[in-house]
Amino acid sequence: MTTKSRFLRLNSLVSYVPSEDDGDEIYITYKGEKIAPTGSTYYKMPHGELALNIEIPLEQSEEWAELELWDHDVLSRNDLLGSFKLKVDEVDDGFSAELIQKEPRSRYVLNWGVIERSSAKKIPSSRTKG
Ligand SMILES: [Ca+2]
């Protein structure tokens, strides 16, 4: 038996106005955990578009996903720039969401979609002691 799994796909992040003049040091969290970038502390965000190509598994019943966009700072606390609230109950690619700003100087747009994919049987999670 195969089941279908939904994934939130983050296509790219576009910076129109960074909060810092030389560009922000961006990372993204979901449910309190950093999901991007995976290989480094942050993306040095250029003006323009940054490809993300990240997929996040969604719960079957999940209708909304909220992502937080942070700016990493070395000398002060990291700034929460704002959040993206995404309605993920529909399978479709090619959505855009504007950052709901916490930090009024910055303007970002996230290009995203929801994809569905057949997945193999769940691996049994039972374990034997020993
Ligand atoms: Ca910074």
# chains A, B, ... in the order shown; residues from 1 in each chain; ligands from 1
call {"tool": "residues_around", "arguments": {"residues": "Ser19 in chain A", "least_positions_apart": "2", "cutoff": "7 Å", "atoms": "only C-alpha atoms", "output": "number ranges by chain"}}
result
A: 17, 21, 24, 105-106
call {"tool": "residues_around", "arguments": {"residues": "Pro57 in chain A", "least_positions_apart": "5", "cutoff": "7 Å", "atoms": "only C-alpha atoms", "output": "list in words"}}
result
Arg6, Phe7 and Leu8 of chain A
call {"tool": "residues_near_ligand", "arguments": {"ligand": "ligand 1", "cutoff": "8 Å", "atoms": "only C-alpha atoms and all ligand atoms", "output": "list in words"}}
result
Glu20, Gly23, Asp24, Glu25, Ile26, Asp71, His72, Asp73, Val74, Asn78 and Asp79 of chain A
call {"tool": "residues_around", "arguments": {"residues": "Asn53 in chain A", "least_positions_apart": "3", "cutoff": "9 Å", "atoms": "only C-alpha atoms", "output": "list in words"}}
result
Arg9, Leu10, Asn11 and Ser12 of chain A
call {"tool": "atom_distance", "arguments": {"atom1": "CA of Arg107 in chain A", "atom2": "CA of Glu62 in chain A"}}
result
26.8 Å
call {"tool": "residues_around", "arguments": {"residues": "range 90-93 of chain A", "least_positions_apart": "5", "cutoff": "8 Å", "atoms": "only C-alpha atoms", "output": "ChimeraX atom specification"}}
result
/A:6,112-116
call {"tool": "select_by_dssp", "arguments": {"residues": "chain A", "states": "strand (DSSP E or B)", "output": "compact mmCIF listing (two decimals) with N, CA and C atoms, in the first residue's frame"}}
result
# COMPACT_ATOMS: atom_id res chain seq x y z
N THR A 3 0.93 5.44 0.45
CA THR A 3 0.20 6.59 0.94
C THR A 3 0.80 7.83 0.29
N LYS A 4 0.01 8.87 0.26
CA LYS A 4 0.52 10.11 -0.31
C LYS A 4 0.96 11.05 0.80
N SER A 5 2.11 11.61 0.62
CA SER A 5 2.62 12.56 1.60
C SER A 5 2.70 13.93 0.97
N ARG A 6 2.38 14.91 1.78
CA ARG A 6 2.46 16.29 1.30
C ARG A 6 3.73 16.95 1.82
N PHE A 7 4.29 17.77 0.98
CA PHE A 7 5.48 18.51 1.36
C PHE A 7 5.29 19.99 1.05
N LEU A 8 5.72 20.81 1.98
CA LEU A 8 5.83 22.23 1.71
C LEU A 8 7.15 22.45 1.00
N ARG A 9 7.07 23.03 -0.19
CA ARG A 9 8.27 23.27 -0.98
C ARG A 9 8.61 24.75 -0.98
N LEU A 10 9.80 25.08 -0.54
CA LEU A 10 10.26 26.47 -0.58
C LEU A 10 11.13 26.63 -1.82
N ASN A 11 10.64 27.40 -2.76
CA ASN A 11 11.36 27.53 -4.03
C ASN A 11 12.46 28.58 -3.95
N SER A 12 12.08 29.77 -3.56
CA SER A 12 13.10 30.82 -3.47
C SER A 12 12.63 31.95 -2.57
N LEU A 13 13.59 32.73 -2.15
CA LEU A 13 13.33 33.89 -1.31
C LEU A 13 13.83 35.11 -2.06
N VAL A 14 13.00 36.14 -2.12
CA VAL A 14 13.37 37.35 -2.86
C VAL A 14 13.46 38.51 -1.87
N SER A 15 14.57 39.20 -1.92
CA SER A 15 14.77 40.36 -1.08
C SER A 15 14.56 41.62 -1.90
N TYR A 16 13.58 42.42 -1.50
CA TYR A 16 13.37 43.71 -2.14
C TYR A 16 14.08 44.80 -1.37
N VAL A 17 13.89 44.75 -0.06
CA VAL A 17 14.56 45.72 0.80
C VAL A 17 15.13 44.95 1.99
N GLU A 25 21.78 38.56 6.94
CA GLU A 25 22.28 37.20 7.14
C GLU A 25 21.08 36.36 7.58
N ILE A 26 20.50 35.66 6.61
CA ILE A 26 19.17 35.09 6.77
C ILE A 26 19.20 33.61 7.17
N TYR A 27 18.31 33.25 8.11
CA TYR A 27 17.98 31.84 8.26
C TYR A 27 16.49 31.70 8.53
N ILE A 28 15.97 30.51 8.31
CA ILE A 28 14.53 30.28 8.37
C ILE A 28 14.24 29.20 9.40
N THR A 29 13.23 29.45 10.23
CA THR A 29 12.82 28.42 11.20
C THR A 29 11.37 28.02 10.96
N TYR A 30 11.08 26.79 11.38
CA TYR A 30 9.74 26.24 11.27
C TYR A 30 9.50 25.44 12.54
N GLU A 33 12.42 25.30 14.89
CA GLU A 33 13.68 24.69 14.49
C GLU A 33 14.18 25.29 13.19
N LYS A 34 15.48 25.48 13.13
CA LYS A 34 16.06 26.02 11.91
C LYS A 34 15.98 24.99 10.79
N ILE A 35 15.42 25.38 9.66
CA ILE A 35 15.32 24.46 8.53
C ILE A 35 16.21 24.87 7.37
N ALA A 36 16.67 26.11 7.37
CA ALA A 36 17.51 26.56 6.26
C ALA A 36 18.37 27.74 6.71
N TYR A 43 22.34 32.38 5.26
CA TYR A 43 22.59 32.79 3.89
C TYR A 43 22.94 34.27 3.92
N LYS A 44 23.98 34.65 3.24
CA LYS A 44 24.19 36.07 3.02
C LYS A 44 23.25 36.48 1.91
N GLY A 48 17.69 40.65 -4.53
CA GLY A 48 17.24 39.75 -5.58
C GLY A 48 16.88 38.39 -5.02
N GLU A 49 17.00 37.40 -5.88
CA GLU A 49 16.40 36.11 -5.58
C GLU A 49 17.46 35.09 -5.14
N LEU A 50 17.11 34.34 -4.11
CA LEU A 50 17.97 33.29 -3.61
C LEU A 50 17.21 31.97 -3.74
N ALA A 51 17.78 31.02 -4.48
CA ALA A 51 17.12 29.71 -4.62
C ALA A 51 17.21 28.95 -3.31
N LEU A 52 16.12 28.34 -2.90
CA LEU A 52 16.10 27.57 -1.65
C LEU A 52 16.02 26.06 -1.92
N ASN A 53 15.00 25.66 -2.68
CA ASN A 53 14.81 24.24 -3.00
C ASN A 53 14.80 23.35 -1.76
N ILE A 54 13.91 23.68 -0.85
CA ILE A 54 13.79 22.93 0.40
C ILE A 54 12.39 22.33 0.47
N GLU A 55 12.31 21.10 0.95
CA GLU A 55 11.01 20.45 1.13
C GLU A 55 10.84 20.06 2.59
N ILE A 56 9.67 20.41 3.12
CA ILE A 56 9.37 20.12 4.52
C ILE A 56 8.16 19.20 4.55
N PRO A 57 8.24 18.05 5.18
CA PRO A 57 7.07 17.18 5.27
C PRO A 57 5.97 17.83 6.10
N TRP A 64 -2.19 25.19 7.89
CA TRP A 64 -1.36 26.39 7.86
C TRP A 64 0.04 26.04 8.31
N ALA A 65 1.00 26.64 7.66
CA ALA A 65 2.38 26.52 8.12
C ALA A 65 2.93 27.92 8.30
N GLU A 66 3.64 28.10 9.39
CA GLU A 66 4.22 29.41 9.65
C GLU A 66 5.74 29.28 9.72
N LEU A 67 6.39 30.09 8.91
CA LEU A 67 7.85 30.10 8.89
C LEU A 67 8.31 31.44 9.44
N GLU A 68 9.40 31.41 10.16
CA GLU A 68 9.96 32.66 10.66
C GLU A 68 11.27 32.96 9.92
N LEU A 69 11.43 34.23 9.61
CA LEU A 69 12.63 34.69 8.92
C LEU A 69 13.47 35.51 9.89
N TRP A 70 14.71 35.07 10.06
CA TRP A 70 15.60 35.69 11.05
C TRP A 70 16.82 36.30 10.37
N ASP A 71 17.33 37.33 11.00
CA ASP A 71 18.60 37.91 10.58
C ASP A 71 19.63 37.63 11.67
N ASP A 79 17.77 39.12 14.95
CA ASP A 79 16.49 39.81 14.78
C ASP A 79 15.49 38.92 14.08
N LEU A 80 14.30 38.87 14.64
CA LEU A 80 13.19 38.25 13.93
C LEU A 80 12.66 39.28 12.94
N LEU A 81 12.83 39.02 11.65
CA LEU A 81 12.39 39.99 10.65
C LEU A 81 10.89 39.90 10.42
N GLY A 82 10.35 38.69 10.58
CA GLY A 82 8.92 38.52 10.38
C GLY A 82 8.59 37.07 10.10
N SER A 83 7.36 36.84 9.65
CA SER A 83 6.96 35.46 9.41
C SER A 83 6.18 35.36 8.10
N PHE A 84 6.18 34.16 7.57
CA PHE A 84 5.36 33.83 6.41
C PHE A 84 4.27 32.89 6.89
N LYS A 85 3.03 33.23 6.62
CA LYS A 85 1.91 32.35 6.96
C LYS A 85 1.37 31.75 5.67
N LEU A 86 1.49 30.45 5.56
CA LEU A 86 1.19 29.77 4.31
C LEU A 86 0.02 28.82 4.48
N LYS A 87 -0.97 28.94 3.63
CA LYS A 87 -2.11 28.02 3.66
C LYS A 87 -1.73 26.82 2.81
N ASP A 92 -0.52 22.60 -4.85
CA ASP A 92 -0.30 23.47 -5.99
C ASP A 92 1.07 24.11 -5.82
N ASP A 93 1.72 24.36 -6.95
CA ASP A 93 3.02 25.03 -6.87
C ASP A 93 2.87 26.42 -7.44
N GLY A 94 3.77 27.28 -7.09
CA GLY A 94 3.76 28.61 -7.70
C GLY A 94 3.06 29.68 -6.89
N PHE A 95 3.02 29.53 -5.58
CA PHE A 95 2.47 30.57 -4.71
C PHE A 95 3.57 31.56 -4.32
N SER A 96 3.15 32.75 -3.95
CA SER A 96 4.07 33.73 -3.37
C SER A 96 3.46 34.26 -2.10
N ALA A 97 4.30 34.51 -1.11
CA ALA A 97 3.81 35.08 0.14
C ALA A 97 4.73 36.22 0.55
N GLU A 98 4.10 37.28 0.97
CA GLU A 98 4.84 38.44 1.44
C GLU A 98 5.16 38.26 2.92
N ILE A 100 5.26 38.95 6.62
CA ILE A 100 4.53 39.77 7.59
C ILE A 100 5.59 40.33 8.53
N GLN A 101 5.83 41.62 8.39
CA GLN A 101 7.02 42.19 8.99
C GLN A 101 6.91 42.39 10.48
N ARG A 107 11.80 43.96 3.35
CA ARG A 107 10.70 43.45 2.55
C ARG A 107 11.16 42.20 1.81
N TYR A 108 10.47 41.10 2.09
CA TYR A 108 10.83 39.81 1.50
C TYR A 108 9.59 39.12 0.95
N VAL A 109 9.80 38.34 -0.11
CA VAL A 109 8.74 37.51 -0.66
C VAL A 109 9.26 36.09 -0.79
N LEU A 110 8.44 35.14 -0.37
CA LEU A 110 8.79 33.73 -0.46
C LEU A 110 7.97 33.08 -1.58
N ASN A 111 8.66 32.39 -2.47
CA ASN A 111 7.97 31.61 -3.52
C ASN A 111 7.91 30.17 -3.07
N TRP A 112 6.72 29.61 -3.06
CA TRP A 112 6.54 28.30 -2.44
C TRP A 112 5.41 27.54 -3.10
N GLY A 113 5.27 26.29 -2.71
CA GLY A 113 4.19 25.46 -3.21
C GLY A 113 3.97 24.27 -2.28
N VAL A 114 2.93 23.52 -2.58
CA VAL A 114 2.68 22.27 -1.86
C VAL A 114 2.70 21.15 -2.89
N ILE A 115 3.51 20.15 -2.66
CA ILE A 115 3.57 19.03 -3.58
C ILE A 115 3.12 17.77 -2.85
N GLU A 116 2.69 16.81 -3.63
CA GLU A 116 2.23 15.55 -3.07
C GLU A 116 2.99 14.45 -3.76
N ARG A 117 3.32 13.45 -3.00
CA ARG A 117 4.16 12.41 -3.55
C ARG A 117 3.78 11.09 -2.89
N SER A 118 3.73 10.07 -3.69
CA SER A 118 3.48 8.75 -3.11
C SER A 118 4.72 8.32 -2.34
N SER A 119 4.47 7.78 -1.19
CA SER A 119 5.62 7.32 -0.40
C SER A 119 5.43 5.85 -0.07
call {"tool": "atom_distance", "arguments": {"atom1": "CA of His47 in chain A", "atom2": "CA of Leu99 in chain A"}}
result
15.4 Å
call {"tool": "closest_residue", "arguments": {"among": "A:Pro37, A:Pro104, A:Lys31, A:Val88", "to": "Glu63 in chain A", "atoms": "only C-alpha atoms"}}
result
A:Val88
